[in-house]
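Here the structure comes first, spelled out in structure tokens, and everything after it is commentary.
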4 protein chains.
Amino acid sequence: MIIVMRVNATAREIAAVVERVEGMGFHAHLSEGEERTIIGVIGDERPVDPGLFERLEGVERAVPILRPFKLASRDFHPKDSIFSINGIKIGGKGLCIMAGPCAVESRQQILEVAHAVKEAGAHVLRGGAFKPRTSPYSFQGLGLRGLELLAEAREETGLPIVTEVMAPEAVSMVAHYADILQVGARNMQNFALLQAVGQTNKPVLLKRGMMATIEELLMAAEYILSNGNSRVILCERGIRTFEKYTRNTLDINAIPAIKQLTHLPVIADPSHGTGKWDLVAPVAKACIAAGADGLIVEVHPDPQQALSDQAQQLRPEVFAKLMDDLRALAPPLGREL
Amino acid sequence: MIIVMRVNATAREIAAVVERVEGMGFHAHLSEGEERTIIGVIGDERPVDPGLFERLEGVERAVPILRPFKLASRDFHPKDSIFSINGIKIGGKGLCIMAGPCAVESRQQILEVAHAVKEAGAHVLRGGAFKPRTSPYSFQGLGLRGLELLAEAREETGLPIVTEVMAPEAVSMVAHYADILQVGARNMQNFALLQAVGQTNKPVLLKRGMMATIEELLMAAEYILSNGNSRVILCERGIRTFEKYTRNTLDINAIPAIKQLTHLPVIADPSHGTGKWDLVAPVAKACIAAGADGLIVEVHPDPQQALSDQAQQLRPEVFAKLMDDLRALAPPLGREL
Amino acid sequence: MIIVMRVNATAREIAAVVERVEGMGFHAHLSEGEERTIIGVIGDERPVDPGLFERLEGVERAVPILRPFKLASRDFHPKDSIFSINGIKIGGKGLCIMAGPCAVESRQQILEVAHAVKEAGAHVLRGGAFKPRTSPYSFQGLGLRGLELLAEAREETGLPIVTEVMAPEAVSMVAHYADILQVGARNMQNFALLQAVGQTNKPVLLKRGMMATIEELLMAAEYILSNGNSRVILCERGIRTFEKYTRNTLDINAIPAIKQLTHLPVIADPSHGTGKWDLVAPVAKACIAAGADGLIVEVHPDPQQALSDQAQQLRPEVFAKLMDDLRALAPPLGREL
Amino acid sequence: MIIVMRVNATAREIAAVVERVEGMGFHAHLSEGEERTIIGVIGDERPVDPGLFERLEGVERAVPILRPFKLASRDFHPKDSIFSINGIKIGGKGLCIMAGPCAVESRQQILEVAHAVKEAGAHVLRGGAFKPRTSPYSFQGLGLRGLELLAEAREETGLPIVTEVMAPEAVSMVAHYADILQVGARNMQNFALLQAVGQTNKPVLLKRGMMATIEELLMAAEYILSNGNSRVILCERGIRTFEKYTRNTLDINAIPAIKQLTHLPVIADPSHGTGKWDLVAPVAKACIAAGADGLIVEVHPDPQQALSDQAQQLRPEVFAKLMDDLRALAPPLGREL
């Protein structure tokens with residue numbers, strides 16, 4: 001941390017800051033500039049809030065130097081993390097494609113789409129059983145019945161399944177069925193939930209909140225990692241901006257940026273990232289070109305009849321075409337599919 | 001809902017849209033413009049997602065006409081809702097001021113501040129027992145012990161208490177101690193939690209998410225209301241924008257805007273809305289001038305030693321001065337304090 | 001500037017950074033932390049881009065310490081600047097209210113509204129002759145004829161006039177008529193225009209761009225000040241955020257924040273800040289309560305027939321009522337009106 | 001336009017709205033819903049501001065149906081526009097790569113980089129002679145001398161040149177030297193400048209403002225097109241969001257979205273879109289994968305010694321490697337390079 005004193009800070013104020021810094025077990029390192037004094041805080045500042053120093057007399061502001069995450073940081077784990085999930089690898093040279101409907105709606109629907117995405121080459125089946133919906137009057141998912149249907153689809157196709165868990169008390173039930181636990185964007189800072197999934201032995205797909213910075217995403221991952229679960233997959237799914245032509249603004253910069261900062265694998269969700277089915281394929285390709293380790297894509301046998309996300313789900317044949325395109329794109333990018 | 005057809009939509013496409021609209025039990029109302037056809041959907045469109053129509057062939061977009069909330073809407077409840085909480089009224093002419101520390105830290109701390117804010121004229125004591133923190137390495141609150149200390153402070157001062165609940169399974173425990181249940185900004189769309197607090201008989205202080213629109217805030221309130229709990233207090237606490245000089249950007253427009261849209265009382269949180277103690281008083285006055293029904297303000301006996309939010313908590317004497325200023329300001333605004 | 005080296009920076013990289021710093025005439029101050037080395041740059045860093053150091057080998061990032069504005073800074077000019085414009089004072093205890101139509105539309109319109117706002121107590125008449133419009137098909141203002149009509153209104157009422165100038169080559173013409181030159185939000189970083197108005201002897205009303213940080217606003221002011229014109233009035237007029245219920249989000253925090261950072265007077269524009277006439281009065285009062293030195297408000301004799309900004313212009317009688325409310329509000333805030 | 005009446009609008013209010021609509025030469029089309037009446041405005045609504053109707057008694061809001069741009073719209077010009085600039089095609093199957101330094105700094109610098117980017121396969125040379133800088137104390141470009149040096153570099157390499165023009169009065173001078181006139185992000189709504197470049201016969205590279213919606217970008221293009229200049233190249237260069245790890249957030253969605261809405265060619269600027277040289281290559285590839293017709297990339301012979309944008313300019317060898325990668329990527333995307 002660097003503490004910047006005000007132009008007119010007194011010697012007494014400076015001494016009081018130094019005393020506080022040293023009282024917390026840090027070393028204080030003074031540097032007298034032409035206009036103002038700067039105090040370096042030497043030590044592991046991560047647990048310290050800059051506000052603590054900003055509140056002292058004569059302080060203008062305090063600037064953290066170390067990034068606040070540690071287990072998630074590439075600084076201390078330079079090599080990429082690669083996980084194996086039911087034989088599927090994620091985080092290495094190969095691309096991992098997850099696909100399936102927004103929500104599980106019926107036995108026929110999920111089995112049909114599971115076979116379709118498997119045939120097109122997907123590695124993991126997605127499908128929501130518990131749905132976070134903006135309106136209490138919208139379809140909220142089939143719940144436990146949805147989980148059972150996902151398990152049946154896995155049995156039929158061999159695809160591992162990823163599905164969302166929305167509350168700490170539901171974690172053990174969802175973990176009983178799912179191969180990967182999804183924490184949704186709206187729950188990225190639901191800390192009780194992060195702790196609960198951190199205490200399971202299932203990999204976690206952690207979606208970036210629509211209002212979350214890259215650093216906050218990595219801090220949310222840190223909650224899971226520090227509870228003992230090292231298999232966290234990060235997912236860029238679009239952030240909220242002033243632009244309303246698309247549902248969200250997929251932050252393409254975040255893909256290579258996150259990979260610089262962390263060793264964890266990063267996938268992208270072009271379905272929520274755009275909100276429009278006819279933008280999904282170009283943006284999906286862009287995410288792979290930017291270095292994403294995989295994708296999660298919404299596919300529905302008949303999007304017009306879907307109970308949610310009608311505008312963004314792909315028909316199976318459009319998804320199959322996207323997979324063909326990705327197969328052609330992977331080699332010049334040094335990836336495998 | 002208004003469905004806008006593309007310029008080159010065919011008669012067959014238009015007919016298919018009309019058939020779908022009528023198949024859902026609505027009336028379809030055609031209007032042929034110079035460039036394109038528009039189809040009005042007559043009926044209660046609220047549960048329908050515009051994406052459903054946008055996915056049909058020949059459709060350019062679908063525009064919702066009715067606001068999606070109903071119980072929260074002033075359209076169907078024109079008069080202001082006024083609640084009484086342990087004898088404290090909120091939502092009428094009187095201003096309701098809630099004050100206290102970010103977190104309960106010790107018996108001495110909470111009792112000292114409770115007496116101080118009571119003496120300054122506050123009506124409700126705030127204090128966090130369960131704290132949502134960005135970092136897993138930060139102070140997470142005293143938990144149950146914090147609730148007990150809040151109850152003791154209430155006994156000593158007579159002030160009702162408001163405190164945050166972070167997980168559905170903790171609702172009954174927190175409701176046992178608290179007079180008002182707070183749902184924090186990060187949990188505004190934690191739908192499992194909204195349902196749980198909606199099933200209690202305790203008033204709920206619902207904070208706007210930092211990236212939530214006004215409409216989404218009212219939809220979150222609708223979750224609570226539709227679960228049977230009619231006592232919801234809305235709180236504007238700042239949104240996230242590109243401006244980083246302040247912690248958040250308090251959306252002053254939202255205060256009169258929300259009051260136009262809903263009958264529910266609206267208070268403001270200038271502490272989180274600014275993140276800087278020396279901006280709290282001017283912004284607090286601004287919120288009252290804009291029509292807020294009250295405030296929630298962080299006050300700590302010694303902010304430099306606080307375990308969280310050091311930069312934004314007021315010293316008791318600064319809070320007392322703010323209360324004096326508000327007492328002078330209330331009459332010309334037609335309010336009482 | 002503080003230069004933060006990477007965890008694994010080598011001694012040679014550190015030495016190269018120090019050499020570069022000293023080669024630029026600064027002193028370098030090394031501080032070895034537990035994890036990484038930090039290099040302080042001692043001297044007036046203001047003209048230096050942090051990117052310059054971030055590009056050197058082994059550097060993680062560079063953090064500016066000094067704020068980049070100097071003439072606008074309160075650090076070097078602690079007392080409030082107070083200007084006198086045709087006998088009207090701005091920046092002191094008194095509030096300065098500017099009012100008038102979005103655009104000058106006709107002789108009758110501008111004279112009628114000039115008399116109305118004068119009678120209600122306004123100090124300055126506003127009105128656009130050159131209008132920046134999003135669409136090339138919209139009314140673009142009366143141009144020179146509009147300036148002549150404003151001058152006539154000044155003659156009749158004695159009110160000084162403020163009007164927008166949109167291009168450097170128009171500055172001398174507009175300055176011939178106007179008492180205050182307005183630089184609009186879309187031109188806040190039109191540097192050619194800032195230099196041109198900086199070379200006049202007319203006060204400048206500089207509106208914050210909808211995408212501009214507080215710091216960028218002060219840097220825009222610095223352009224004017226450094227060209228020799230010391231009379232700059234800053235104006236908060238709303239920023240662009242994800243919230244679309246209102247036209248812009250008035251940044252109420254910015255009002256006291258800007259006053260902390262600069263000695264220049266700050267006014268607010270609740271008309272553009274909200275975009276809805278029925279939100280103008282509550283937000284106008286909020287701005288004054290937050291410490292603004294005045295307001296600029298759109299008033300039109302018949303907003304329904306206006307050629308622009310129909311939704312946000314006040315009728316004269318609504319403006320008169322707002323002035324009455326402000327007169328009641330000023331004394332408890334320590335202001336005069 | 002669709003006019004939505006309030007729930008309790010009276011018959012008299014509805015009649016007055018209809019009268020106003022018809023008085024403007026439109027047809028009014030009434031549709032009585034269960035809760036409220038809706039009035040369709042039939043005719044070319046483009047020049048009409050919704051605020052005009054929103055101001056009438058009993059109106060809740062007015063929703064535009066037609067997009068406000070016409071000349072830029074694909075609705076009326078379904079085929080892609082393809083331009084030829086000094087023999088270079090833009091907008092067709094081939095990719096157009098523009099490269100060069102942020103600013104022209106010296107004869108040696110611009111000639112060296114011109115040869116380097118030519119050899120790497122670039123089609124157009126970029127370089128700023130007039131630089132918009134946030135600070136008045138920063139390097140502002142070489143001005144006319146910079147234009148002369150660019151012309152010399154063109155003569156030596158045969159590359160056409162693109163350079164920014166910042167003020168209407170400079171347009172004829174810059175157009176004398178440049179092959180493509182660049183309108184920068186900060187000037188996207190400098191309407192005087194848009195009109196001036198619209199009256200030249202030089203192609204215009206129009207950069208999206210950092211806070212401009214896609215629709216506003218197309219309206220800015222409409223200013224140029226409606227002044228008679230049909231050769232407009234749009235450029236996505238990143239928007240401003242809450243995320244500060246990168247300089248801007250490149251809006252990857254905008255690339256296919258803009259191509260849906262308009263026939264004009266669209267290129268991307270990954271240098272400003274990221275602000276960090278080591279993110280430029282992955283994001284550049286992503287832009288091409290998303291369908292961009294080309295790129296504009298900052299390249300400098302020695303970025304550490306550059307006078308601006310040090311952090312984001314590529315070394316020539318890194319640019320050459322990017323060109324190699326793009327050549328491998330183009331065929332599977334159906335593009336040529």
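Each chain in the structure tokens gets a letter, A, B, ..., in the order shown, and its residues are numbered from 1; ligands are numbered from 1 in order too.
These are the residues of stretch 85-139 of chain B assigned strand (DSSP E) by DSSP from backbone coordinates: B:Ile85, B:Ile88, B:Lys89, B:Ile90, B:Cys96, B:Ile97, B:Met98, B:Ala99, B:Gly100, B:Val124, B:Leu125, B:Arg126.
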Quick one: residues within 8 Å of C:Gln199, only C-alpha atoms counted, chain neighbours fewer than 6 positions away excluded, as a ChimeraX atom specification? /C:224,227-229
Taking N, CA and C atoms for each residue, export the selection above as a PDB file, in the first residue's frame.
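Below is the file that was written, again-v7.pdb:
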ATOM      1  N   ILE C 224      -8.649  25.722 -20.474  1.00  0.00           N
ATOM      2  CA  ILE C 224      -9.126  27.110 -20.554  1.00  0.00           C
ATOM      3  C   ILE C 224      -8.263  28.017 -19.681  1.00  0.00           C
ATOM      4  N   ASN C 227      -4.874  28.854 -20.976  1.00  0.00           N
ATOM      5  CA  ASN C 227      -4.871  29.785 -22.091  1.00  0.00           C
ATOM      6  C   ASN C 227      -5.135  31.215 -21.642  1.00  0.00           C
ATOM      7  N   GLY C 228      -5.232  31.404 -20.326  1.00  0.00           N
ATOM      8  CA  GLY C 228      -5.289  32.761 -19.816  1.00  0.00           C
ATOM      9  C   GLY C 228      -6.641  33.219 -19.313  1.00  0.00           C
ATOM     10  N   ASN C 229      -7.659  32.373 -19.426  1.00  0.00           N
ATOM     11  CA  ASN C 229      -8.995  32.774 -18.983  1.00  0.00           C
ATOM     12  C   ASN C 229      -9.292  32.117 -17.637  1.00  0.00           C
TER      13      ASN C 229
END
Quick one: which residues from chain A are at most 7 Å off chain C, using only C-alpha atoms, as a JSON list (two decimals) with N, CA and C atoms, in the first residue's frame?
[["chain", "number", "residue", "atom", "x", "y", "z"],
["A", 7, "VAL", "N", -0.90, 17.84, 0.59],
["A", 7, "VAL", "CA", 0.14, 18.83, 0.38],
["A", 7, "VAL", "C", 0.58, 19.49, 1.69],
["A", 33, "GLY", "N", 8.45, 13.86, -1.33],
["A", 33, "GLY", "CA", 8.42, 14.41, -2.69],
["A", 33, "GLY", "C", 8.55, 15.91, -2.65],
["A", 34, "GLU", "N", 8.49, 16.54, -3.82],
["A", 34, "GLU", "CA", 8.58, 18.00, -3.84],
["A", 34, "GLU", "C", 7.32, 18.61, -3.25],
["A", 42, "ILE", "N", 5.18, -1.69, 3.93],
["A", 42, "ILE", "CA", 5.91, -2.88, 3.51],
["A", 42, "ILE", "C", 5.40, -4.10, 4.27],
["A", 43, "GLY", "N", 4.96, -5.11, 3.57],
["A", 43, "GLY", "CA", 4.43, -6.33, 4.19],
["A", 43, "GLY", "C", 3.24, -6.81, 3.40],
["A", 75, "ASP", "N", 0.87, -15.07, -10.09],
["A", 75, "ASP", "CA", 2.17, -14.74, -9.49],
["A", 75, "ASP", "C", 2.72, -15.93, -8.71],
["A", 240, "ARG", "N", -22.75, -5.24, -17.73],
["A", 240, "ARG", "CA", -23.80, -4.25, -18.00],
["A", 240, "ARG", "C", -23.14, -2.91, -18.31],
["A", 241, "THR", "N", -23.55, -2.32, -19.42],
["A", 241, "THR", "CA", -23.02, -1.02, -19.81],
["A", 241, "THR", "C", -24.19, -0.15, -20.25],
["A", 242, "PHE", "N", -23.89, 1.02, -20.77],
["A", 242, "PHE", "CA", -24.95, 1.91, -21.26],
["A", 242, "PHE", "C", -25.54, 1.42, -22.58]]
Distance query B:Arg67 at most 10 Å, only C-alpha atoms, self and fewer than 6 positions along chain excluded, as a list in words: Glu45, Arg46, Ser73, Asp75, Glu215, Leu218, Met219 and Leu261 of chain B
Can you build me a table of stretch 237-294 of chain C residues sitting at most 9 Å from stretch 283-298 of chain B, with the closest atom pair per residue and its distance in Å to one decimal, using only C-alpha atoms, sorted by chain and residue number, as a tab-separated table?
residue	atom	partner	partner_atom	distance
C:Ile252	CA	B:Val283	CA	6.9
C:Asn253	CA	B:Val283	CA	6.5
C:Ile255	CA	B:Val283	CA	8.9
C:Pro256	CA	B:Val283	CA	8.0
C:Leu279	CA	B:Ala290	CA	8.9
C:Ala281	CA	B:Ala290	CA	8.2
C:Pro282	CA	B:Ala290	CA	4.4
C:Val283	CA	B:Ala290	CA	5.5
C:Ala284	CA	B:Ala290	CA	8.0
C:Lys285	CA	B:Ala289	CA	5.6
C:Ala286	CA	B:Ala286	CA	3.9
C:Cys287	CA	B:Ala286	CA	6.3
C:Ile288	CA	B:Ala286	CA	7.5
C:Ala289	CA	B:Ala286	CA	4.9
C:Ala290	CA	B:Ala286	CA	5.2
C:Gly291	CA	B:Ala286	CA	8.7
Go ahead and save the residues from that selection, with C-alpha atoms, as a PDB file, in the first residue's frame.
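File again_33.pdb, as written:
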ATOM      1  CA  ILE C 252     -24.920  14.441  -7.007  1.00  0.00           C
ATOM      2  CA  ASN C 253     -21.697  13.215  -5.363  1.00  0.00           C
ATOM      3  CA  ILE C 255     -20.984  18.510  -6.557  1.00  0.00           C
ATOM      4  CA  PRO C 256     -19.240  18.350  -3.152  1.00  0.00           C
ATOM      5  CA  LEU C 279     -38.075  15.355 -11.742  1.00  0.00           C
ATOM      6  CA  ALA C 281     -37.659  20.482  -9.066  1.00  0.00           C
ATOM      7  CA  PRO C 282     -36.746  17.748  -6.529  1.00  0.00           C
ATOM      8  CA  VAL C 283     -33.347  17.266  -8.145  1.00  0.00           C
ATOM      9  CA  ALA C 284     -32.744  21.021  -8.379  1.00  0.00           C
ATOM     10  CA  LYS C 285     -33.335  21.309  -4.641  1.00  0.00           C
ATOM     11  CA  ALA C 286     -31.030  18.338  -4.057  1.00  0.00           C
ATOM     12  CA  CYS C 287     -28.226  20.031  -5.995  1.00  0.00           C
ATOM     13  CA  ILE C 288     -28.484  23.168  -3.897  1.00  0.00           C
ATOM     14  CA  ALA C 289     -28.586  21.084  -0.716  1.00  0.00           C
ATOM     15  CA  ALA C 290     -25.411  19.318  -1.887  1.00  0.00           C
ATOM     16  CA  GLY C 291     -23.625  22.645  -2.182  1.00  0.00           C
TER      17      GLY C 291
END
Please, which residues of stretch 2-146 of chain B, numbered as in this document, come out helix (DSSP H, G or I) from DSSP, as a ChimeraX atom specification? /B:11-23,50-54,74-76,107-120,144-146
Would you mind exporting N, CA and C atoms of the selected residues as a compact mmCIF listing (two decimals), in the first residue's frame?
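This went into result26.txt:
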# COMPACT_ATOMS: atom_id res chain seq x y z
N ALA B 11 -46.58 -11.46 -45.68
CA ALA B 11 -47.92 -11.62 -45.12
C ALA B 11 -47.99 -12.91 -44.31
N ARG B 12 -47.29 -13.95 -44.79
CA ARG B 12 -47.30 -15.22 -44.07
C ARG B 12 -46.64 -15.08 -42.69
N GLU B 13 -45.55 -14.31 -42.64
CA GLU B 13 -44.89 -14.11 -41.35
C GLU B 13 -45.79 -13.34 -40.39
N ILE B 14 -46.46 -12.34 -40.93
CA ILE B 14 -47.36 -11.54 -40.09
C ILE B 14 -48.48 -12.43 -39.55
N ALA B 15 -49.01 -13.25 -40.42
CA ALA B 15 -50.10 -14.13 -40.00
C ALA B 15 -49.63 -15.10 -38.91
N ALA B 16 -48.40 -15.57 -39.04
CA ALA B 16 -47.88 -16.52 -38.05
C ALA B 16 -47.72 -15.85 -36.68
N VAL B 17 -47.30 -14.59 -36.69
CA VAL B 17 -47.16 -13.88 -35.42
C VAL B 17 -48.54 -13.69 -34.79
N VAL B 18 -49.50 -13.29 -35.61
CA VAL B 18 -50.86 -13.09 -35.08
C VAL B 18 -51.38 -14.40 -34.48
N GLU B 19 -51.14 -15.49 -35.18
CA GLU B 19 -51.61 -16.78 -34.69
C GLU B 19 -50.98 -17.11 -33.33
N ARG B 20 -49.67 -16.82 -33.23
CA ARG B 20 -48.99 -17.10 -31.95
C ARG B 20 -49.56 -16.24 -30.83
N VAL B 21 -49.76 -14.97 -31.12
CA VAL B 21 -50.31 -14.04 -30.11
C VAL B 21 -51.67 -14.53 -29.64
N GLU B 22 -52.51 -14.90 -30.60
CA GLU B 22 -53.87 -15.31 -30.22
C GLU B 22 -53.86 -16.68 -29.56
N GLY B 23 -52.91 -17.51 -29.96
CA GLY B 23 -52.79 -18.83 -29.33
C GLY B 23 -52.43 -18.72 -27.85
N PRO B 50 -40.45 -10.54 -24.07
CA PRO B 50 -40.46 -10.05 -25.46
C PRO B 50 -39.65 -10.95 -26.39
N GLY B 51 -38.64 -11.62 -25.84
CA GLY B 51 -37.79 -12.50 -26.65
C GLY B 51 -38.60 -13.56 -27.37
N LEU B 52 -39.69 -13.96 -26.74
CA LEU B 52 -40.55 -14.98 -27.33
C LEU B 52 -41.03 -14.55 -28.72
N PHE B 53 -41.43 -13.30 -28.83
CA PHE B 53 -41.91 -12.82 -30.14
C PHE B 53 -40.74 -12.44 -31.05
N GLU B 54 -39.68 -11.94 -30.44
CA GLU B 54 -38.54 -11.52 -31.26
C GLU B 54 -37.94 -12.69 -32.01
N ARG B 74 -47.61 2.02 -8.37
CA ARG B 74 -48.51 3.05 -7.91
C ARG B 74 -49.79 3.08 -8.77
N ASP B 75 -49.72 2.51 -9.98
CA ASP B 75 -50.92 2.48 -10.82
C ASP B 75 -52.10 1.84 -10.10
N PHE B 76 -51.79 0.81 -9.31
CA PHE B 76 -52.89 0.06 -8.67
C PHE B 76 -52.96 0.34 -7.19
N ARG B 107 -19.36 -5.29 22.39
CA ARG B 107 -20.46 -4.81 23.23
C ARG B 107 -20.33 -3.32 23.49
N GLN B 108 -19.10 -2.91 23.83
CA GLN B 108 -18.90 -1.50 24.16
C GLN B 108 -19.16 -0.61 22.95
N GLN B 109 -18.66 -1.06 21.80
CA GLN B 109 -18.81 -0.26 20.57
C GLN B 109 -20.28 -0.04 20.23
N ILE B 110 -21.07 -1.12 20.25
CA ILE B 110 -22.44 -0.98 19.78
C ILE B 110 -23.29 -0.21 20.79
N LEU B 111 -23.01 -0.41 22.09
CA LEU B 111 -23.79 0.33 23.08
C LEU B 111 -23.45 1.82 23.02
N GLU B 112 -22.19 2.12 22.87
CA GLU B 112 -21.77 3.52 22.82
C GLU B 112 -22.41 4.23 21.63
N VAL B 113 -22.37 3.57 20.48
CA VAL B 113 -22.90 4.24 19.30
C VAL B 113 -24.44 4.29 19.35
N ALA B 114 -25.05 3.28 19.94
CA ALA B 114 -26.52 3.26 20.04
C ALA B 114 -26.99 4.46 20.86
N HIS B 115 -26.33 4.68 21.99
CA HIS B 115 -26.70 5.83 22.82
C HIS B 115 -26.46 7.14 22.06
N ALA B 116 -25.35 7.19 21.34
CA ALA B 116 -24.99 8.44 20.64
C ALA B 116 -26.01 8.77 19.55
N VAL B 117 -26.39 7.79 18.75
CA VAL B 117 -27.31 8.10 17.65
C VAL B 117 -28.71 8.36 18.19
N LYS B 118 -29.07 7.66 19.27
CA LYS B 118 -30.36 7.92 19.92
C LYS B 118 -30.42 9.37 20.38
N GLU B 119 -29.37 9.80 21.05
CA GLU B 119 -29.32 11.16 21.58
C GLU B 119 -29.38 12.19 20.46
N ALA B 120 -28.75 11.87 19.33
CA ALA B 120 -28.75 12.80 18.19
C ALA B 120 -30.10 12.83 17.48
N LEU B 144 -24.02 -14.61 15.22
CA LEU B 144 -25.08 -14.67 16.24
C LEU B 144 -24.77 -13.74 17.41
N ARG B 145 -23.51 -13.69 17.81
CA ARG B 145 -23.12 -12.82 18.92
C ARG B 145 -23.45 -11.36 18.59
N GLY B 146 -23.28 -10.99 17.34
CA GLY B 146 -23.61 -9.63 16.91
C GLY B 146 -25.10 -9.36 17.06
Need the shell around A:Val104: protein/DNA/RNA residues with any atom at most 10 Å away, counting only C-alpha atoms. Skip same-chain ones fewer than 5 positions apart. Format as a ChimeraX atom specification? /A:109-111,113,126-131,141-143,145-147,149-150,163,300,306-307
With N, CA, C and O atoms retained, could you export that selection as a compact mmCIF listing (two decimals), in the first residue's frame?
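Listed below is the output, selection_11.txt:
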# COMPACT_ATOMS: atom_id res chain seq x y z
N GLN A 109 -37.54 -32.81 -24.17
CA GLN A 109 -36.70 -31.67 -24.59
C GLN A 109 -35.23 -31.90 -24.23
O GLN A 109 -34.35 -31.73 -25.05
N ILE A 110 -34.96 -32.30 -22.99
CA ILE A 110 -33.56 -32.39 -22.57
C ILE A 110 -32.87 -33.57 -23.25
O ILE A 110 -31.69 -33.47 -23.64
N LEU A 111 -33.60 -34.67 -23.46
CA LEU A 111 -32.95 -35.81 -24.13
C LEU A 111 -32.66 -35.46 -25.59
O LEU A 111 -31.58 -35.75 -26.11
N VAL A 113 -32.13 -32.51 -26.94
CA VAL A 113 -31.03 -31.55 -27.09
C VAL A 113 -29.70 -32.18 -26.66
O VAL A 113 -28.65 -31.90 -27.24
N ARG A 126 -25.31 -28.56 -20.59
CA ARG A 126 -25.81 -27.59 -19.63
C ARG A 126 -27.34 -27.64 -19.60
O ARG A 126 -27.97 -28.07 -20.57
N GLY A 127 -27.93 -27.15 -18.50
CA GLY A 127 -29.38 -27.09 -18.39
C GLY A 127 -29.74 -26.65 -16.99
O GLY A 127 -29.17 -27.13 -16.01
N GLY A 128 -30.66 -25.69 -16.88
CA GLY A 128 -31.01 -25.16 -15.57
C GLY A 128 -32.20 -25.89 -14.96
O GLY A 128 -33.22 -26.07 -15.63
N ALA A 129 -32.07 -26.27 -13.70
CA ALA A 129 -33.19 -26.87 -12.97
C ALA A 129 -33.79 -25.83 -12.02
O ALA A 129 -34.99 -25.78 -11.80
N PHE A 130 -32.91 -25.00 -11.47
CA PHE A 130 -33.34 -23.88 -10.62
C PHE A 130 -32.96 -22.60 -11.36
O PHE A 130 -31.79 -22.38 -11.65
N LYS A 131 -33.94 -21.78 -11.73
CA LYS A 131 -33.69 -20.63 -12.59
C LYS A 131 -33.85 -19.32 -11.83
O LYS A 131 -34.93 -19.06 -11.28
N GLY A 141 -38.18 -22.93 -13.22
CA GLY A 141 -37.43 -24.19 -13.36
C GLY A 141 -38.17 -25.35 -12.73
O GLY A 141 -39.08 -25.17 -11.92
N LEU A 142 -37.76 -26.59 -13.12
CA LEU A 142 -38.45 -27.80 -12.64
C LEU A 142 -37.91 -28.27 -11.29
O LEU A 142 -38.43 -29.23 -10.72
N GLY A 143 -36.83 -27.65 -10.80
CA GLY A 143 -36.29 -28.04 -9.50
C GLY A 143 -35.72 -29.45 -9.53
O GLY A 143 -35.09 -29.86 -10.51
N ARG A 145 -36.91 -32.33 -10.07
CA ARG A 145 -37.26 -33.11 -11.26
C ARG A 145 -36.32 -32.78 -12.43
O ARG A 145 -35.93 -33.66 -13.20
N GLY A 146 -35.92 -31.51 -12.52
CA GLY A 146 -34.98 -31.11 -13.57
C GLY A 146 -33.63 -31.79 -13.39
O GLY A 146 -33.00 -32.22 -14.35
N LEU A 147 -33.20 -31.90 -12.13
CA LEU A 147 -31.92 -32.56 -11.86
C LEU A 147 -31.98 -34.04 -12.28
O LEU A 147 -31.03 -34.57 -12.87
N LEU A 149 -33.83 -35.36 -14.55
CA LEU A 149 -33.83 -35.46 -16.02
C LEU A 149 -32.43 -35.24 -16.58
O LEU A 149 -32.02 -35.89 -17.55
N LEU A 150 -31.68 -34.32 -15.98
CA LEU A 150 -30.30 -34.10 -16.42
C LEU A 150 -29.48 -35.38 -16.22
O LEU A 150 -28.68 -35.77 -17.08
N THR A 163 -24.95 -27.49 -13.97
CA THR A 163 -26.25 -26.88 -13.68
C THR A 163 -26.09 -25.92 -12.50
O THR A 163 -25.19 -26.07 -11.68
N HIS A 300 -31.49 -25.04 -27.89
CA HIS A 300 -32.84 -25.53 -27.57
C HIS A 300 -33.43 -26.12 -28.85
O HIS A 300 -33.24 -25.57 -29.93
N ALA A 306 -39.50 -22.08 -26.28
CA ALA A 306 -38.78 -22.19 -25.01
C ALA A 306 -39.50 -21.40 -23.92
O ALA A 306 -40.25 -20.46 -24.21
N LEU A 307 -39.27 -21.80 -22.67
CA LEU A 307 -39.92 -21.12 -21.54
C LEU A 307 -39.07 -19.96 -21.01
O LEU A 307 -39.49 -19.27 -20.09
